[in-house]
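Participant: Got a structure here, written out as structure tokens. Questions coming.
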Protein chains: 2
Amino acid sequence: MVLSNWDIQINRMNSLLAKLTDEELSAPTAPRRNAGVYLLGHLAAVSDGMFAFLDLGERLNPVMDEVFLRNPEDSGLEKPSISELKEYWNKVNALLSEKMSHMNADEWFARHTAVSEEDFAKEPHRNKLNIVINRTNHLSYHLGQLAYLVKK
Amino acid sequence: MVLSNWDIQINRMNSLLAKLTDEELSAPTAPRRNAGVYLLGHLAAVSDGMFAFLDLGERLNPVMDEVFLRNPEDSGLEKPSISELKEYWNKVNALLSEKMSHMNADEWFARHTAVSEEDFAKEPHRNKLNIVINRTNHLSYHLGQLAYLVKK
């Protein structure tokens with residue numbers, strides 16, 4: 001159920017991206033707020049970070065964190081082109097989805113990599129499944145903002 | 001875990017509401033988009049609808065659906081005041097939270113009231129827990145928009 005809700009939000013994002021021109025995606029989602037293209041990079045970097053939290057192997061592009069997680073849009077850091085970002089987004093989520101589909105219940109209820117064994121003993125809900133629930137909400141949050149790029 | 005993620009989003013909404021003046025909450029979240037106050041009514045009505053889906057008894061105020069779910073902001077329908085809406089939001093979520101806390105695992109994995117027994121046999125994920133996952137994402141989606149009411 002949790003994975004299916006993740007997929008639903010990813011599909012919504014993909015439908016939204018299919019609707020927007022590059023120009024529309026480059027526009028701010030609201031005055032003085034992040035541009036669509038920055039949020040796309042941000043969401044792709046967050047998906048990429050999930051490989052580490054879920055212990056699914058090497059992430060694809062750790063450099064993106066610097067541009068889209070640790071720094072704001074106006075950092076002056078060089079950003080990938082829209083087509084590079086879309087490719088990154090698609091690659092990350094396809095691989096993530098494939099790897100998540102092979103995880104079993106024991107793995108899902110095991111601790112995620114950012115919580116220590118001691119803390120996990122006290123807070124057993126800090127497992128890998130909870131990472132997906134949390135990241136699905138994060139994706140929904142920014143989807144609400146990205147929806148404002150669609151012209152009324 | 002699912003319920004705790006619901007509570008996290010409700011608490012985020014409450015922190016946001018505590019930060020906004022009535023004037024800020026009455027403003028559009030972005031040009032030509034829903035006002036904060038409309039989204040507050042919308043989210044409260046969606047929470048209220050969960051009593052029915054989860055089979056938790058009578059909902060508090062079905063009339064709100066007409067104003068905040070079935071019709072857009074510019075419907076011309078009379079709307080409650082901000083203080084009435086906040087009271088509605090708080091009451092609905094307090095009662096919902098209390099009632100959800102008494103549901104056991106069997107109830108959570110039982111079908112929700114909007115799916116028939118036949119369909120549920122084919123799609124067993126359409127249970128009550130899935131309603132909460134889905135509504136948590138819905139809340140996050142609009143929280144992303146409401147966050148734009150906070151002045152930069």
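Ordering of the structure tokens sets the chain letters (A, B, ...); residue numbers start at 1 within each chain; ligands are numbered from 1 in the order shown.
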Once chain B is fitted onto chain A by least squares over all its in-order Cα atoms, send the moved chain as a PDB file with C-alpha atoms, in the first residue's frame.

Facilitator:
```
ATOM      1  CA  MET B   1       0.009  -0.012  -0.020  1.00  0.00           C
ATOM      2  CA  VAL B   2       2.792   2.378   0.927  1.00  0.00           C
ATOM      3  CA  LEU B   3       4.715   1.575  -2.259  1.00  0.00           C
ATOM      4  CA  SER B   4       1.600   1.900  -4.375  1.00  0.00           C
ATOM      5  CA  ASN B   5       0.979   5.364  -2.913  1.00  0.00           C
ATOM      6  CA  TRP B   6       4.577   6.297  -3.713  1.00  0.00           C
ATOM      7  CA  ASP B   7       4.020   5.156  -7.317  1.00  0.00           C
ATOM      8  CA  ILE B   8       0.778   7.154  -7.533  1.00  0.00           C
ATOM      9  CA  GLN B   9       2.581  10.369  -6.603  1.00  0.00           C
ATOM     10  CA  ILE B  10       5.490   9.622  -8.984  1.00  0.00           C
ATOM     11  CA  ASN B  11       2.969   9.080 -11.777  1.00  0.00           C
ATOM     12  CA  ARG B  12       1.242  12.353 -10.920  1.00  0.00           C
ATOM     13  CA  MET B  13       4.561  14.132 -11.143  1.00  0.00           C
ATOM     14  CA  ASN B  14       5.240  12.510 -14.518  1.00  0.00           C
ATOM     15  CA  SER B  15       1.814  13.518 -15.855  1.00  0.00           C
ATOM     16  CA  LEU B  16       2.440  17.062 -14.696  1.00  0.00           C
ATOM     17  CA  LEU B  17       5.893  17.140 -16.334  1.00  0.00           C
ATOM     18  CA  ALA B  18       4.367  15.858 -19.583  1.00  0.00           C
ATOM     19  CA  LYS B  19       1.924  18.782 -19.540  1.00  0.00           C
ATOM     20  CA  LEU B  20       4.462  21.565 -19.009  1.00  0.00           C
ATOM     21  CA  THR B  21       6.657  23.170 -21.640  1.00  0.00           C
ATOM     22  CA  ASP B  22      10.305  23.846 -20.705  1.00  0.00           C
ATOM     23  CA  GLU B  23       9.408  27.498 -20.425  1.00  0.00           C
ATOM     24  CA  GLU B  24       6.552  26.800 -18.022  1.00  0.00           C
ATOM     25  CA  LEU B  25       8.740  24.477 -15.949  1.00  0.00           C
ATOM     26  CA  SER B  26      11.395  27.192 -15.698  1.00  0.00           C
ATOM     27  CA  ALA B  27       8.940  29.698 -14.220  1.00  0.00           C
ATOM     28  CA  PRO B  28       8.552  30.340 -10.471  1.00  0.00           C
ATOM     29  CA  THR B  29       5.680  28.315  -8.941  1.00  0.00           C
ATOM     30  CA  ALA B  30       4.514  31.590  -7.333  1.00  0.00           C
ATOM     31  CA  PRO B  31       6.067  35.070  -7.078  1.00  0.00           C
ATOM     32  CA  ARG B  32       9.457  34.881  -5.312  1.00  0.00           C
ATOM     33  CA  ARG B  33       9.140  31.099  -4.822  1.00  0.00           C
ATOM     34  CA  ASN B  34      11.114  28.185  -6.256  1.00  0.00           C
ATOM     35  CA  ALA B  35      10.957  27.574  -9.993  1.00  0.00           C
ATOM     36  CA  GLY B  36       9.529  24.299 -11.224  1.00  0.00           C
ATOM     37  CA  VAL B  37      12.919  23.248 -12.513  1.00  0.00           C
ATOM     38  CA  TYR B  38      14.520  23.737  -9.093  1.00  0.00           C
ATOM     39  CA  LEU B  39      11.792  21.654  -7.444  1.00  0.00           C
ATOM     40  CA  LEU B  40      12.310  18.934 -10.068  1.00  0.00           C
ATOM     41  CA  GLY B  41      16.019  18.802  -9.193  1.00  0.00           C
ATOM     42  CA  HIS B  42      15.168  18.902  -5.485  1.00  0.00           C
ATOM     43  CA  LEU B  43      12.744  15.967  -5.761  1.00  0.00           C
ATOM     44  CA  ALA B  44      15.157  13.962  -7.916  1.00  0.00           C
ATOM     45  CA  ALA B  45      17.968  14.498  -5.382  1.00  0.00           C
ATOM     46  CA  VAL B  46      15.648  13.414  -2.533  1.00  0.00           C
ATOM     47  CA  SER B  47      14.713  10.243  -4.455  1.00  0.00           C
ATOM     48  CA  ASP B  48      18.413   9.635  -5.094  1.00  0.00           C
ATOM     49  CA  GLY B  49      19.107   9.984  -1.351  1.00  0.00           C
ATOM     50  CA  MET B  50      16.684   7.141  -0.673  1.00  0.00           C
ATOM     51  CA  PHE B  51      19.201   4.573  -1.988  1.00  0.00           C
ATOM     52  CA  ALA B  52      21.355   5.399   1.029  1.00  0.00           C
ATOM     53  CA  PHE B  53      18.515   5.439   3.607  1.00  0.00           C
ATOM     54  CA  LEU B  54      17.107   2.156   2.313  1.00  0.00           C
ATOM     55  CA  ASP B  55      20.559   0.558   1.962  1.00  0.00           C
ATOM     56  CA  LEU B  56      20.017  -0.135  -1.728  1.00  0.00           C
ATOM     57  CA  GLY B  57      23.517   0.534  -2.946  1.00  0.00           C
ATOM     58  CA  GLU B  58      25.278   3.496  -4.507  1.00  0.00           C
ATOM     59  CA  ARG B  59      23.208   6.535  -5.365  1.00  0.00           C
ATOM     60  CA  LEU B  60      23.374   7.888  -8.895  1.00  0.00           C
ATOM     61  CA  ASN B  61      24.547  11.442  -8.482  1.00  0.00           C
ATOM     62  CA  PRO B  62      25.518  12.762  -5.027  1.00  0.00           C
ATOM     63  CA  VAL B  63      26.666  16.070  -6.557  1.00  0.00           C
ATOM     64  CA  MET B  64      23.018  17.069  -7.032  1.00  0.00           C
ATOM     65  CA  ASP B  65      22.584  17.408  -3.248  1.00  0.00           C
ATOM     66  CA  GLU B  66      24.873  20.413  -3.237  1.00  0.00           C
ATOM     67  CA  VAL B  67      22.768  22.219  -5.827  1.00  0.00           C
ATOM     68  CA  PHE B  68      19.239  21.124  -4.892  1.00  0.00           C
ATOM     69  CA  LEU B  69      19.264  20.196  -1.194  1.00  0.00           C
ATOM     70  CA  ARG B  70      22.010  22.059   0.616  1.00  0.00           C
ATOM     71  CA  ASN B  71      21.651  25.314  -1.277  1.00  0.00           C
ATOM     72  CA  PRO B  72      18.727  27.446  -2.372  1.00  0.00           C
ATOM     73  CA  GLU B  73      17.806  28.182  -5.960  1.00  0.00           C
ATOM     74  CA  ASP B  74      19.707  31.487  -6.050  1.00  0.00           C
ATOM     75  CA  SER B  75      23.003  29.912  -4.882  1.00  0.00           C
ATOM     76  CA  GLY B  76      24.714  30.748  -8.163  1.00  0.00           C
ATOM     77  CA  LEU B  77      25.801  27.101  -8.481  1.00  0.00           C
ATOM     78  CA  GLU B  78      25.723  25.742 -12.021  1.00  0.00           C
ATOM     79  CA  LYS B  79      22.569  23.741 -12.681  1.00  0.00           C
ATOM     80  CA  PRO B  80      21.965  20.898 -15.141  1.00  0.00           C
ATOM     81  CA  SER B  81      19.758  21.558 -18.171  1.00  0.00           C
ATOM     82  CA  ILE B  82      16.060  20.648 -18.065  1.00  0.00           C
ATOM     83  CA  SER B  83      16.611  17.611 -20.261  1.00  0.00           C
ATOM     84  CA  GLU B  84      19.468  16.420 -18.031  1.00  0.00           C
ATOM     85  CA  LEU B  85      17.269  16.905 -14.963  1.00  0.00           C
ATOM     86  CA  LYS B  86      14.380  14.994 -16.480  1.00  0.00           C
ATOM     87  CA  GLU B  87      16.715  12.169 -17.428  1.00  0.00           C
ATOM     88  CA  TYR B  88      18.102  12.130 -13.861  1.00  0.00           C
ATOM     89  CA  TRP B  89      14.562  12.130 -12.395  1.00  0.00           C
ATOM     90  CA  ASN B  90      13.470   9.225 -14.608  1.00  0.00           C
ATOM     91  CA  LYS B  91      16.608   7.159 -14.070  1.00  0.00           C
ATOM     92  CA  VAL B  92      16.618   7.581 -10.297  1.00  0.00           C
ATOM     93  CA  ASN B  93      12.960   6.667  -9.887  1.00  0.00           C
ATOM     94  CA  ALA B  94      13.061   3.718 -12.288  1.00  0.00           C
ATOM     95  CA  LEU B  95      16.040   2.195 -10.462  1.00  0.00           C
ATOM     96  CA  LEU B  96      14.569   2.998  -7.036  1.00  0.00           C
ATOM     97  CA  SER B  97      11.253   1.435  -7.941  1.00  0.00           C
ATOM     98  CA  GLU B  98      12.957  -1.681  -9.273  1.00  0.00           C
ATOM     99  CA  LYS B  99      15.124  -2.072  -6.160  1.00  0.00           C
ATOM    100  CA  MET B 100      12.243  -1.396  -3.757  1.00  0.00           C
ATOM    101  CA  SER B 101      10.130  -4.052  -5.469  1.00  0.00           C
ATOM    102  CA  HIS B 102      12.647  -6.704  -4.340  1.00  0.00           C
ATOM    103  CA  MET B 103      12.638  -5.749  -0.651  1.00  0.00           C
ATOM    104  CA  ASN B 104      10.844  -8.159   1.673  1.00  0.00           C
ATOM    105  CA  ALA B 105       8.819  -7.389   4.824  1.00  0.00           C
ATOM    106  CA  ASP B 106      11.779  -7.984   7.161  1.00  0.00           C
ATOM    107  CA  GLU B 107      13.846  -5.440   5.268  1.00  0.00           C
ATOM    108  CA  TRP B 108      11.034  -2.859   5.303  1.00  0.00           C
ATOM    109  CA  PHE B 109      10.650  -3.130   9.063  1.00  0.00           C
ATOM    110  CA  ALA B 110      14.393  -2.962   9.695  1.00  0.00           C
ATOM    111  CA  ARG B 111      15.959   0.322  10.764  1.00  0.00           C
ATOM    112  CA  HIS B 112      16.876   2.847   8.102  1.00  0.00           C
ATOM    113  CA  THR B 113      20.551   3.725   7.809  1.00  0.00           C
ATOM    114  CA  ALA B 114      20.347   7.151   9.469  1.00  0.00           C
ATOM    115  CA  VAL B 115      19.155   5.834  12.830  1.00  0.00           C
ATOM    116  CA  SER B 116      21.509   4.070  15.270  1.00  0.00           C
ATOM    117  CA  GLU B 117      20.748   0.601  16.677  1.00  0.00           C
ATOM    118  CA  GLU B 118      20.295   2.147  20.132  1.00  0.00           C
ATOM    119  CA  ASP B 119      17.766   4.733  18.937  1.00  0.00           C
ATOM    120  CA  PHE B 120      15.953   2.173  16.818  1.00  0.00           C
ATOM    121  CA  ALA B 121      15.467  -0.054  19.874  1.00  0.00           C
ATOM    122  CA  LYS B 122      13.620   2.858  21.519  1.00  0.00           C
ATOM    123  CA  GLU B 123      11.839   4.087  18.343  1.00  0.00           C
ATOM    124  CA  PRO B 124      11.061   1.026  16.220  1.00  0.00           C
ATOM    125  CA  HIS B 125       8.905   3.037  13.812  1.00  0.00           C
ATOM    126  CA  ARG B 126      12.089   4.570  12.353  1.00  0.00           C
ATOM    127  CA  ASN B 127      12.273   1.839   9.761  1.00  0.00           C
ATOM    128  CA  LYS B 128      12.694   1.816   5.995  1.00  0.00           C
ATOM    129  CA  LEU B 129       8.980   1.767   5.283  1.00  0.00           C
ATOM    130  CA  ASN B 130       8.638   4.986   7.246  1.00  0.00           C
ATOM    131  CA  ILE B 131      11.196   6.613   4.931  1.00  0.00           C
ATOM    132  CA  VAL B 132       8.920   5.897   1.972  1.00  0.00           C
ATOM    133  CA  ILE B 133       5.819   7.238   3.796  1.00  0.00           C
ATOM    134  CA  ASN B 134       7.712  10.379   4.699  1.00  0.00           C
ATOM    135  CA  ARG B 135       9.165  10.894   1.211  1.00  0.00           C
ATOM    136  CA  THR B 136       5.738  10.351  -0.369  1.00  0.00           C
ATOM    137  CA  ASN B 137       4.380  13.216   1.744  1.00  0.00           C
ATOM    138  CA  HIS B 138       7.363  15.334   0.768  1.00  0.00           C
ATOM    139  CA  LEU B 139       6.664  14.656  -2.897  1.00  0.00           C
ATOM    140  CA  SER B 140       2.960  15.522  -2.454  1.00  0.00           C
ATOM    141  CA  TYR B 141       3.899  18.773  -0.725  1.00  0.00           C
ATOM    142  CA  HIS B 142       5.935  19.976  -3.685  1.00  0.00           C
ATOM    143  CA  LEU B 143       3.430  18.574  -6.203  1.00  0.00           C
ATOM    144  CA  GLY B 144       0.881  20.978  -4.735  1.00  0.00           C
ATOM    145  CA  GLN B 145       3.276  23.821  -5.557  1.00  0.00           C
ATOM    146  CA  LEU B 146       4.229  22.512  -8.996  1.00  0.00           C
ATOM    147  CA  ALA B 147       0.544  22.293  -9.907  1.00  0.00           C
ATOM    148  CA  TYR B 148       0.548  26.106  -9.908  1.00  0.00           C
ATOM    149  CA  LEU B 149       2.686  26.024 -13.068  1.00  0.00           C
ATOM    150  CA  VAL B 150      -0.292  24.758 -15.068  1.00  0.00           C
ATOM    151  CA  LYS B 151      -1.909  27.786 -16.681  1.00  0.00           C
ATOM    152  CA  LYS B 152      -5.467  28.560 -15.621  1.00  0.00           C
TER     153      LYS B 152
END
```

Participant: Give the alpha helix (DSSP H) residues of chain A, as DSSP finds them on the backbone, and put them as a ChimeraX atom specification.

Facilitator: /A:2-19,22-26,36-53,63-68,82-101,105-108,117-122,128-146

Participant: As a list of chain:residue names, which residues of chain A does DSSP assign to strand (DSSP E or B)?

Facilitator: A:Pro28, A:Ala35, A:Arg111, A:Asn127
